[in-house]
Amino acid sequence: MTAIATATATATLALPAEQLFTFLADLSNHQAFLEPAAMDFSGAADSHRYKIEVMGMTMPVEALIGERVSPTLVTLVPGAKKMFDHTLRFEITPRGDSCSLRIVDEADLPAMMKMMGAEKLLKAQLDSALAKIEELAKEGKVR
């Protein structure tokens with residue numbers, strides 16, 4: 001296994017940290033920024049599951065809330081169906097009437113997945129999620 005830490009750039013969002021935290025802390029809201037890559041999404045406040053296509057294979061993903069620290073941190077951990085051990089963090093920094101967001105994934109990848117470029121794929125998925133969250137915030141859809 002190879003430990004990696006992959007992170008997005010930091011995005012500044014024109015909404016209060018509490019509002020972003022509330023949105024991210026309810027995992028049923030994650031469908032809004034995971035689709036269309038997340039197929040067959042189902043979610044509740046504390047968990048979600050979906051399928052993704054990776055290198056021609058459909059793989060199940062299940063995540064559970066690991067930790068909620070209002071209004072600065074939401075952590076997700078794998079559920080029963082996991083491809084590898086990892087912790088996904090949504091790090092929120094309050095900035096008055098706005099906030100910043102950075103998404104970090106700390107993963108313990110099997111060596112074969114690392115050799116196949118899984119780190120680049122994870123980074124692309126994180127960057128895509130951040131861009132979609134920024135878009136949702138601009139459209140007023142983060143509630």
# chains A, B, ... in the order shown; residues from 1 in each chain; ligands from 1
$ select_by_dssp --residues "chain A" --states "alpha helix (DSSP H)" --output "VMD selection string"
chain A and resid 17 to 25 31 to 34 111 to 115 118 to 138
$ write_last_selection --atoms "C-alpha atoms" --output "short mmCIF file (atom, residue, chain, number, x, y, z; two decimals), in the first residue's frame"
data_model
loop_
_atom_site.label_atom_id
_atom_site.label_comp_id
_atom_site.auth_asym_id
_atom_site.auth_seq_id
_atom_site.Cartn_x
_atom_site.Cartn_y
_atom_site.Cartn_z
CA ALA A 17 -19.12 29.10 6.28
CA GLU A 18 -22.14 27.86 8.26
CA GLN A 19 -24.22 27.65 5.07
CA LEU A 20 -21.55 25.67 3.21
CA PHE A 21 -21.00 23.43 6.24
CA THR A 22 -24.74 22.65 6.48
CA PHE A 23 -24.81 21.72 2.78
CA LEU A 24 -21.70 19.49 2.92
CA ALA A 25 -22.57 17.90 6.28
CA GLN A 31 -25.44 14.18 -5.46
CA ALA A 32 -25.51 17.79 -6.74
CA PHE A 33 -21.73 17.89 -7.22
CA LEU A 34 -20.95 14.21 -7.82
CA ALA A 111 0.58 -0.30 -5.40
CA MET A 112 -1.11 -1.48 -8.60
CA MET A 113 -3.69 1.34 -8.43
CA LYS A 114 -0.92 3.89 -7.94
CA MET A 115 0.99 2.53 -10.92
CA ALA A 118 -5.17 6.40 -9.56
CA GLU A 119 -3.62 9.48 -7.91
CA LYS A 120 -4.28 11.59 -11.03
CA LEU A 121 -7.82 10.25 -11.25
CA LEU A 122 -8.49 11.13 -7.60
CA LYS A 123 -7.11 14.64 -8.14
CA ALA A 124 -9.33 15.12 -11.21
CA GLN A 125 -12.40 13.96 -9.24
CA LEU A 126 -11.62 16.34 -6.37
CA ASP A 127 -11.05 19.26 -8.75
CA SER A 128 -14.33 18.49 -10.53
CA ALA A 129 -16.24 18.37 -7.24
CA LEU A 130 -14.74 21.70 -6.12
CA ALA A 131 -15.63 23.35 -9.45
CA LYS A 132 -19.22 22.08 -9.19
CA ILE A 133 -19.54 23.29 -5.58
CA GLU A 134 -18.30 26.72 -6.72
CA GLU A 135 -20.89 26.71 -9.52
CA LEU A 136 -23.69 25.66 -7.14
CA ALA A 137 -22.70 28.45 -4.73
CA LYS A 138 -22.76 31.06 -7.52
#
$ residues_around --residues "His86 in chain A" --least-positions-apart "3" --cutoff "12 Å" --atoms "only C-alpha atoms" --output "list in words"
Met1, Thr2, Ala3, Ile4, Ala5, Thr6, Val61, Glu62, Ala63, Leu64, Gly66, Thr75, Leu76, Val77, Pro78, Gly79, Lys82, Met83, Arg89, Val104, Asp105, Glu106, Ala107, Asp108, Leu109, Pro110 and Leu122 of chain A
$ residues_around --residues "Met39 in chain A" --least-positions-apart "4" --cutoff "7 Å" --atoms "only C-alpha atoms" --output "PyMOL selection string"
chain A and resi 50-52
$ residues_around --residues "Glu53 in chain A" --least-positions-apart "6" --cutoff "9 Å" --atoms "only C-alpha atoms" --output "short mmCIF file (atom, residue, chain, number, x, y, z; two decimals) with N, CA, C and O atoms, in the first residue's frame"
data_model
loop_
_atom_site.label_atom_id
_atom_site.label_comp_id
_atom_site.auth_asym_id
_atom_site.auth_seq_id
_atom_site.Cartn_x
_atom_site.Cartn_y
_atom_site.Cartn_z
N ALA A 37 -20.91 11.78 -12.93
CA ALA A 37 -19.99 10.65 -12.74
C ALA A 37 -20.54 9.63 -11.75
O ALA A 37 -20.29 8.43 -11.89
N ALA A 38 -21.30 10.08 -10.75
CA ALA A 38 -21.88 9.17 -9.75
C ALA A 38 -23.19 8.61 -10.29
O ALA A 38 -24.16 9.34 -10.45
N MET A 39 -23.19 7.33 -10.57
CA MET A 39 -24.40 6.68 -11.11
C MET A 39 -25.15 5.99 -9.98
O MET A 39 -24.56 5.53 -9.03
N MET A 59 -17.54 0.52 -10.37
CA MET A 59 -17.15 0.22 -8.99
C MET A 59 -18.09 0.91 -8.02
O MET A 59 -18.44 2.06 -8.21
N PRO A 60 -18.48 0.20 -6.95
CA PRO A 60 -19.34 0.81 -5.94
C PRO A 60 -18.53 1.70 -4.99
O PRO A 60 -17.38 1.39 -4.66
#
$ closest_residue --among "A:His48, A:Arg95, A:Arg102, A:Lys141" --to "Ile65 in chain A" --atoms "only C-alpha atoms"
A:His48
$ atom_distance --atom1 "CA of Gly43 in chain A" --atom2 "CA of Thr58 in chain A"
18.6 Å
$ atom_distance --atom1 "CA of Asp26 in chain A" --atom2 "CA of Asp46 in chain A"
6.5 Å
$ atom_distance --atom1 "CA of Ser28 in chain A" --atom2 "CA of Arg143 in chain A"
12.3 Å
$ select_by_dssp --residues "chain A" --states "strand (DSSP E)" --output "PyMOL selection string"
chain A and resi 2-7+11-13+39-43+47-54+57-69+73-78+85-95+98-109
$ decode --residues "range 1-142 of chain A" --atoms "C-alpha atoms" --output "PDB file, in the first residue's frame"
ATOM      1  CA  MET A   1       0.000   0.000   0.000  1.00  0.00           C
ATOM      2  CA  THR A   2       1.130   3.532  -0.776  1.00  0.00           C
ATOM      3  CA  ALA A   3      -0.084   6.487   1.305  1.00  0.00           C
ATOM      4  CA  ILE A   4      -0.908   9.632  -0.666  1.00  0.00           C
ATOM      5  CA  ALA A   5      -2.515  12.981   0.097  1.00  0.00           C
ATOM      6  CA  THR A   6      -4.266  14.706  -2.779  1.00  0.00           C
ATOM      7  CA  ALA A   7      -5.784  18.171  -2.418  1.00  0.00           C
ATOM      8  CA  THR A   8      -7.552  20.756  -4.500  1.00  0.00           C
ATOM      9  CA  ALA A   9      -6.653  24.401  -4.706  1.00  0.00           C
ATOM     10  CA  THR A  10      -8.571  26.601  -2.270  1.00  0.00           C
ATOM     11  CA  ALA A  11     -11.753  28.186  -3.616  1.00  0.00           C
ATOM     12  CA  THR A  12     -13.353  31.309  -2.171  1.00  0.00           C
ATOM     13  CA  LEU A  13     -17.144  31.158  -2.037  1.00  0.00           C
ATOM     14  CA  ALA A  14     -19.497  34.102  -1.509  1.00  0.00           C
ATOM     15  CA  LEU A  15     -21.523  32.492   1.250  1.00  0.00           C
ATOM     16  CA  PRO A  16     -21.138  32.075   5.007  1.00  0.00           C
ATOM     17  CA  ALA A  17     -19.117  29.100   6.276  1.00  0.00           C
ATOM     18  CA  GLU A  18     -22.138  27.861   8.257  1.00  0.00           C
ATOM     19  CA  GLN A  19     -24.216  27.647   5.072  1.00  0.00           C
ATOM     20  CA  LEU A  20     -21.552  25.674   3.214  1.00  0.00           C
ATOM     21  CA  PHE A  21     -21.003  23.429   6.241  1.00  0.00           C
ATOM     22  CA  THR A  22     -24.737  22.650   6.476  1.00  0.00           C
ATOM     23  CA  PHE A  23     -24.807  21.723   2.784  1.00  0.00           C
ATOM     24  CA  LEU A  24     -21.704  19.489   2.917  1.00  0.00           C
ATOM     25  CA  ALA A  25     -22.573  17.896   6.285  1.00  0.00           C
ATOM     26  CA  ASP A  26     -25.747  16.365   4.793  1.00  0.00           C
ATOM     27  CA  LEU A  27     -24.434  13.658   2.475  1.00  0.00           C
ATOM     28  CA  SER A  28     -27.709  13.501   0.535  1.00  0.00           C
ATOM     29  CA  ASN A  29     -26.693  16.907  -0.923  1.00  0.00           C
ATOM     30  CA  HIS A  30     -23.521  15.465  -2.454  1.00  0.00           C
ATOM     31  CA  GLN A  31     -25.440  14.181  -5.460  1.00  0.00           C
ATOM     32  CA  ALA A  32     -25.512  17.786  -6.742  1.00  0.00           C
ATOM     33  CA  PHE A  33     -21.729  17.890  -7.218  1.00  0.00           C
ATOM     34  CA  LEU A  34     -20.951  14.212  -7.817  1.00  0.00           C
ATOM     35  CA  GLU A  35     -23.196  13.664 -10.829  1.00  0.00           C
ATOM     36  CA  PRO A  36     -23.035  12.786 -13.656  1.00  0.00           C
ATOM     37  CA  ALA A  37     -19.989  10.652 -12.736  1.00  0.00           C
ATOM     38  CA  ALA A  38     -21.881   9.169  -9.754  1.00  0.00           C
ATOM     39  CA  MET A  39     -24.395   6.682 -11.113  1.00  0.00           C
ATOM     40  CA  ASP A  40     -27.336   5.294  -9.121  1.00  0.00           C
ATOM     41  CA  PHE A  41     -26.734   7.782  -6.289  1.00  0.00           C
ATOM     42  CA  SER A  42     -28.644   7.279  -3.033  1.00  0.00           C
ATOM     43  CA  GLY A  43     -27.968   9.326   0.040  1.00  0.00           C
ATOM     44  CA  ALA A  44     -29.079  10.224   3.526  1.00  0.00           C
ATOM     45  CA  ALA A  45     -27.744  12.731   6.047  1.00  0.00           C
ATOM     46  CA  ASP A  46     -24.997  10.405   7.324  1.00  0.00           C
ATOM     47  CA  SER A  47     -24.161   8.245   4.287  1.00  0.00           C
ATOM     48  CA  HIS A  48     -24.296   7.958   0.539  1.00  0.00           C
ATOM     49  CA  ARG A  49     -23.548   5.355  -2.093  1.00  0.00           C
ATOM     50  CA  TYR A  50     -23.165   5.344  -5.827  1.00  0.00           C
ATOM     51  CA  LYS A  51     -21.247   3.689  -8.646  1.00  0.00           C
ATOM     52  CA  ILE A  52     -18.475   5.161 -10.770  1.00  0.00           C
ATOM     53  CA  GLU A  53     -16.806   3.944 -13.911  1.00  0.00           C
ATOM     54  CA  VAL A  54     -13.034   3.631 -13.632  1.00  0.00           C
ATOM     55  CA  MET A  55     -10.948   2.334 -16.521  1.00  0.00           C
ATOM     56  CA  GLY A  56     -13.950   0.547 -18.020  1.00  0.00           C
ATOM     57  CA  MET A  57     -15.062  -1.058 -14.743  1.00  0.00           C
ATOM     58  CA  THR A  58     -18.092  -0.046 -12.653  1.00  0.00           C
ATOM     59  CA  MET A  59     -17.149   0.219  -8.994  1.00  0.00           C
ATOM     60  CA  PRO A  60     -19.340   0.815  -5.937  1.00  0.00           C
ATOM     61  CA  VAL A  61     -18.526   3.701  -3.610  1.00  0.00           C
ATOM     62  CA  GLU A  62     -19.998   4.020  -0.130  1.00  0.00           C
ATOM     63  CA  ALA A  63     -19.158   6.851   2.278  1.00  0.00           C
ATOM     64  CA  LEU A  64     -20.123   7.613   5.856  1.00  0.00           C
ATOM     65  CA  ILE A  65     -19.687  10.699   7.992  1.00  0.00           C
ATOM     66  CA  GLY A  66     -16.466  10.380   9.936  1.00  0.00           C
ATOM     67  CA  GLU A  67     -16.605  13.736  11.673  1.00  0.00           C
ATOM     68  CA  ARG A  68     -18.502  17.023  11.631  1.00  0.00           C
ATOM     69  CA  VAL A  69     -16.929  20.106  13.216  1.00  0.00           C
ATOM     70  CA  SER A  70     -19.210  23.076  12.618  1.00  0.00           C
ATOM     71  CA  PRO A  71     -18.532  25.204  10.595  1.00  0.00           C
ATOM     72  CA  THR A  72     -15.030  24.166   9.524  1.00  0.00           C
ATOM     73  CA  LEU A  73     -14.767  20.441   8.743  1.00  0.00           C
ATOM     74  CA  VAL A  74     -16.709  17.539   7.265  1.00  0.00           C
ATOM     75  CA  THR A  75     -14.867  14.224   7.056  1.00  0.00           C
ATOM     76  CA  LEU A  76     -16.001  11.158   5.115  1.00  0.00           C
ATOM     77  CA  VAL A  77     -14.740   7.605   5.529  1.00  0.00           C
ATOM     78  CA  PRO A  78     -15.466   4.494   3.428  1.00  0.00           C
ATOM     79  CA  GLY A  79     -18.498   2.402   4.250  1.00  0.00           C
ATOM     80  CA  ALA A  80     -18.733  -1.361   3.928  1.00  0.00           C
ATOM     81  CA  LYS A  81     -17.968  -1.362   0.204  1.00  0.00           C
ATOM     82  CA  LYS A  82     -14.541   0.216  -0.225  1.00  0.00           C
ATOM     83  CA  MET A  83     -11.954   0.183  -2.943  1.00  0.00           C
ATOM     84  CA  PHE A  84      -9.213   1.304  -0.527  1.00  0.00           C
ATOM     85  CA  ASP A  85      -8.850   3.021   2.845  1.00  0.00           C
ATOM     86  CA  HIS A  86      -9.080   6.785   2.665  1.00  0.00           C
ATOM     87  CA  THR A  87     -10.354   9.860   4.445  1.00  0.00           C
ATOM     88  CA  LEU A  88     -11.952  12.692   2.506  1.00  0.00           C
ATOM     89  CA  ARG A  89     -11.983  16.107   4.174  1.00  0.00           C
ATOM     90  CA  PHE A  90     -13.919  19.227   3.249  1.00  0.00           C
ATOM     91  CA  GLU A  91     -11.921  21.978   4.971  1.00  0.00           C
ATOM     92  CA  ILE A  92     -13.893  25.219   5.349  1.00  0.00           C
ATOM     93  CA  THR A  93     -12.338  28.499   6.515  1.00  0.00           C
ATOM     94  CA  PRO A  94     -14.753  31.262   7.580  1.00  0.00           C
ATOM     95  CA  ARG A  95     -13.983  34.699   6.113  1.00  0.00           C
ATOM     96  CA  GLY A  96     -16.766  36.968   7.402  1.00  0.00           C
ATOM     97  CA  ASP A  97     -19.661  36.780   4.922  1.00  0.00           C
ATOM     98  CA  SER A  98     -17.697  34.397   2.695  1.00  0.00           C
ATOM     99  CA  CYS A  99     -15.564  31.302   3.187  1.00  0.00           C
ATOM    100  CA  SER A 100     -12.929  29.212   1.494  1.00  0.00           C
ATOM    101  CA  LEU A 101     -13.062  25.512   0.740  1.00  0.00           C
ATOM    102  CA  ARG A 102     -10.378  22.941   0.089  1.00  0.00           C
ATOM    103  CA  ILE A 103     -10.988  19.217  -0.454  1.00  0.00           C
ATOM    104  CA  VAL A 104      -8.318  16.751   0.701  1.00  0.00           C
ATOM    105  CA  ASP A 105      -8.223  12.987   0.190  1.00  0.00           C
ATOM    106  CA  GLU A 106      -5.715  10.969   2.201  1.00  0.00           C
ATOM    107  CA  ALA A 107      -5.622   7.488   0.726  1.00  0.00           C
ATOM    108  CA  ASP A 108      -3.782   4.237   1.204  1.00  0.00           C
ATOM    109  CA  LEU A 109      -3.660   3.006  -2.387  1.00  0.00           C
ATOM    110  CA  PRO A 110      -2.698  -0.479  -3.451  1.00  0.00           C
ATOM    111  CA  ALA A 111       0.578  -0.296  -5.400  1.00  0.00           C
ATOM    112  CA  MET A 112      -1.108  -1.485  -8.604  1.00  0.00           C
ATOM    113  CA  MET A 113      -3.689   1.339  -8.434  1.00  0.00           C
ATOM    114  CA  LYS A 114      -0.924   3.886  -7.937  1.00  0.00           C
ATOM    115  CA  MET A 115       0.987   2.527 -10.923  1.00  0.00           C
ATOM    116  CA  MET A 116      -2.185   2.756 -13.030  1.00  0.00           C
ATOM    117  CA  GLY A 117      -2.519   6.490 -12.279  1.00  0.00           C
ATOM    118  CA  ALA A 118      -5.173   6.404  -9.563  1.00  0.00           C
ATOM    119  CA  GLU A 119      -3.625   9.476  -7.915  1.00  0.00           C
ATOM    120  CA  LYS A 120      -4.275  11.593 -11.034  1.00  0.00           C
ATOM    121  CA  LEU A 121      -7.819  10.246 -11.253  1.00  0.00           C
ATOM    122  CA  LEU A 122      -8.489  11.128  -7.604  1.00  0.00           C
ATOM    123  CA  LYS A 123      -7.110  14.637  -8.144  1.00  0.00           C
ATOM    124  CA  ALA A 124      -9.333  15.116 -11.207  1.00  0.00           C
ATOM    125  CA  GLN A 125     -12.399  13.964  -9.241  1.00  0.00           C
ATOM    126  CA  LEU A 126     -11.616  16.341  -6.368  1.00  0.00           C
ATOM    127  CA  ASP A 127     -11.050  19.259  -8.747  1.00  0.00           C
ATOM    128  CA  SER A 128     -14.326  18.494 -10.535  1.00  0.00           C
ATOM    129  CA  ALA A 129     -16.239  18.374  -7.236  1.00  0.00           C
ATOM    130  CA  LEU A 130     -14.740  21.695  -6.123  1.00  0.00           C
ATOM    131  CA  ALA A 131     -15.635  23.348  -9.448  1.00  0.00           C
ATOM    132  CA  LYS A 132     -19.216  22.075  -9.189  1.00  0.00           C
ATOM    133  CA  ILE A 133     -19.538  23.287  -5.584  1.00  0.00           C
ATOM    134  CA  GLU A 134     -18.301  26.721  -6.724  1.00  0.00           C
ATOM    135  CA  GLU A 135     -20.888  26.706  -9.517  1.00  0.00           C
ATOM    136  CA  LEU A 136     -23.688  25.659  -7.136  1.00  0.00           C
ATOM    137  CA  ALA A 137     -22.701  28.449  -4.726  1.00  0.00           C
ATOM    138  CA  LYS A 138     -22.757  31.056  -7.518  1.00  0.00           C
ATOM    139  CA  GLU A 139     -26.212  29.819  -8.586  1.00  0.00           C
ATOM    140  CA  GLY A 140     -27.515  30.067  -5.013  1.00  0.00           C
ATOM    141  CA  LYS A 141     -28.071  26.291  -4.771  1.00  0.00           C
ATOM    142  CA  VAL A 142     -26.007  25.719  -1.620  1.00  0.00           C
TER     143      VAL A 142
END
